[in-house]
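So this one's data.cif, mmCIF, C-alpha atoms:
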```cif
data_query
loop_
_atom_site.group_PDB
_atom_site.id
_atom_site.type_symbol
_atom_site.label_atom_id
_atom_site.label_comp_id
_atom_site.auth_asym_id
_atom_site.auth_seq_id
_atom_site.Cartn_x
_atom_site.Cartn_y
_atom_site.Cartn_z
ATOM 1 C CA MET A 253 199.751 177.877 -121.836
ATOM 2 C CA LEU A 254 197.579 176.421 -119.110
ATOM 3 C CA VAL A 255 200.330 174.045 -117.982
ATOM 4 C CA ALA A 256 202.858 176.898 -117.828
ATOM 5 C CA GLU A 257 200.453 178.989 -115.759
ATOM 6 C CA TYR A 258 199.858 176.082 -113.393
ATOM 7 C CA SER A 259 203.581 175.489 -113.049
ATOM 8 C CA HIS A 260 204.201 179.147 -112.283
ATOM 9 C CA GLU A 261 201.446 179.275 -109.656
ATOM 10 C CA ARG A 262 202.749 176.088 -108.070
ATOM 11 C CA GLU A 263 206.249 177.580 -107.791
ATOM 12 C CA LEU A 264 204.806 180.706 -106.187
ATOM 13 C CA ALA A 265 202.806 178.631 -103.709
ATOM 14 C CA GLU A 266 205.872 176.593 -102.753
ATOM 15 C CA ALA A 267 207.930 179.755 -102.239
ATOM 16 C CA HIS A 268 205.136 181.282 -100.162
ATOM 17 C CA ALA A 269 204.839 178.150 -98.007
ATOM 18 C CA LYS A 270 208.585 178.111 -97.417
ATOM 19 C CA ARG A 271 208.577 181.782 -96.391
ATOM 20 C CA ALA A 272 205.586 181.256 -94.096
ATOM 21 C CA ALA A 273 207.374 178.357 -92.378
ATOM 22 C CA GLU A 274 210.509 180.471 -91.900
ATOM 23 C CA LEU A 275 208.460 183.294 -90.405
ATOM 24 C CA ALA A 276 206.652 180.901 -88.070
ATOM 25 C CA VAL A 277 209.974 179.667 -86.685
ATOM 26 C CA LYS A 278 211.350 183.193 -86.331
ATOM 27 C CA THR A 279 208.172 184.432 -84.651
ATOM 28 C CA ALA A 280 207.922 181.497 -82.243
ATOM 29 C CA LYS A 281 211.549 181.917 -81.192
ATOM 30 C CA ALA A 282 211.163 185.665 -80.728
ATOM 31 C CA LEU A 283 207.938 185.446 -78.739
ATOM 32 C CA THR A 284 209.061 182.588 -76.497
ATOM 33 C CA SER A 285 212.150 184.550 -75.542
ATOM 34 C CA HIS A 286 209.770 186.962 -73.753
ATOM 35 C CA TRP A 287 206.605 184.929 -73.140
ATOM 36 C CA SER A 288 205.740 181.391 -72.109
ATOM 37 C CA GLU A 289 205.019 178.755 -74.738
ATOM 38 C CA PRO A 290 201.290 178.651 -73.811
ATOM 39 C CA ASP A 291 201.029 182.447 -74.206
ATOM 40 C CA THR A 292 202.896 182.293 -77.517
ATOM 41 C CA ALA A 293 200.595 179.495 -78.678
ATOM 42 C CA ARG A 294 197.516 181.601 -77.916
ATOM 43 C CA VAL A 295 198.898 184.629 -79.767
ATOM 44 C CA MET A 296 199.963 182.599 -82.811
ATOM 45 C CA GLY A 297 196.826 180.442 -82.843
ATOM 46 C CA LEU A 298 198.853 177.225 -82.591
ATOM 47 C CA SER A 299 199.078 174.359 -80.146
ATOM 48 C CA LYS A 300 201.662 174.446 -77.370
ATOM 49 C CA GLN A 301 203.275 171.397 -78.941
ATOM 50 C CA ARG A 302 203.615 173.126 -82.317
ATOM 51 C CA VAL A 303 205.135 176.232 -80.722
ATOM 52 C CA HIS A 304 207.657 174.021 -78.939
ATOM 53 C CA GLN A 305 208.511 172.254 -82.221
ATOM 54 C CA LEU A 306 209.042 175.590 -83.947
ATOM 55 C CA LYS A 307 211.129 176.921 -81.073
ATOM 56 C CA VAL A 308 213.540 173.998 -81.045
ATOM 57 C CA SER A 309 213.807 173.666 -84.840
ATOM 58 C CA ALA A 310 217.094 174.599 -86.468
#
```

Turn this file's structure into structure tokens for me.
Amino acid sequence: MLVAEYSHERELAEAHAKRAAELAVKTAKALTSHWSEPDTARVMGLSKQRVHQLKVSA
């Protein structure tokens, strides 16, 4: 039972992490279409380099 519960929680965490990454890319692309990368970085709480990576990702 404990192993099944762990496995289920791990699957949920992986799905959540994947969704969060997708939203980060979508948000960075949307914001940088209107704002500069430094402004987007401040709003998202990320580095300018990370915003640029998200923006250019596929």

Handout entry: Contacts of stretch 294-299 of chain A within 12 Å, all atoms listed in the file, excl. fewer than 2 positions in-chain, as a PyMOL selection string
Key = chain A and resi 275-284+287-292+301-306

State, in Å with one decimal place, the distance from atom CA of A:Ala273 to atom CA of A:Lys300.
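Straight-line distance from atom CA of A:Ala273 to atom CA of A:Lys300 works out to 16.5 Å.
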
field: Straight-line distance linking atom CA of A:His286 with atom CA of A:His268, stated in Å to one decimal
entry: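 So the answer is 27.4 Å.
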
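Take the candidates A:Ala272, A:Ala267, A:Met253, A:Ala293 and check each one against A:Lys307 using all atoms listed in the file; the shortest distance goes to A:Ala293.
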
Worksheet entry | Atom pair atom CA of A:Val308 / atom CA of A:Ser285: separation (Å) |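 Straight-line distance from atom CA of A:Val308 to atom CA of A:Ser285 works out to 12.0 Å.
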
Centre, x/y/z edge lengths, axis-aligned box for stretch 296-300 of chain A with 3 Å per side, as JSON:
```
{"center_x": 199.2, "center_y": 178.5, "center_z": -80.1, "size_x": 10.8, "size_y": 14.2, "size_z": 11.5}
```
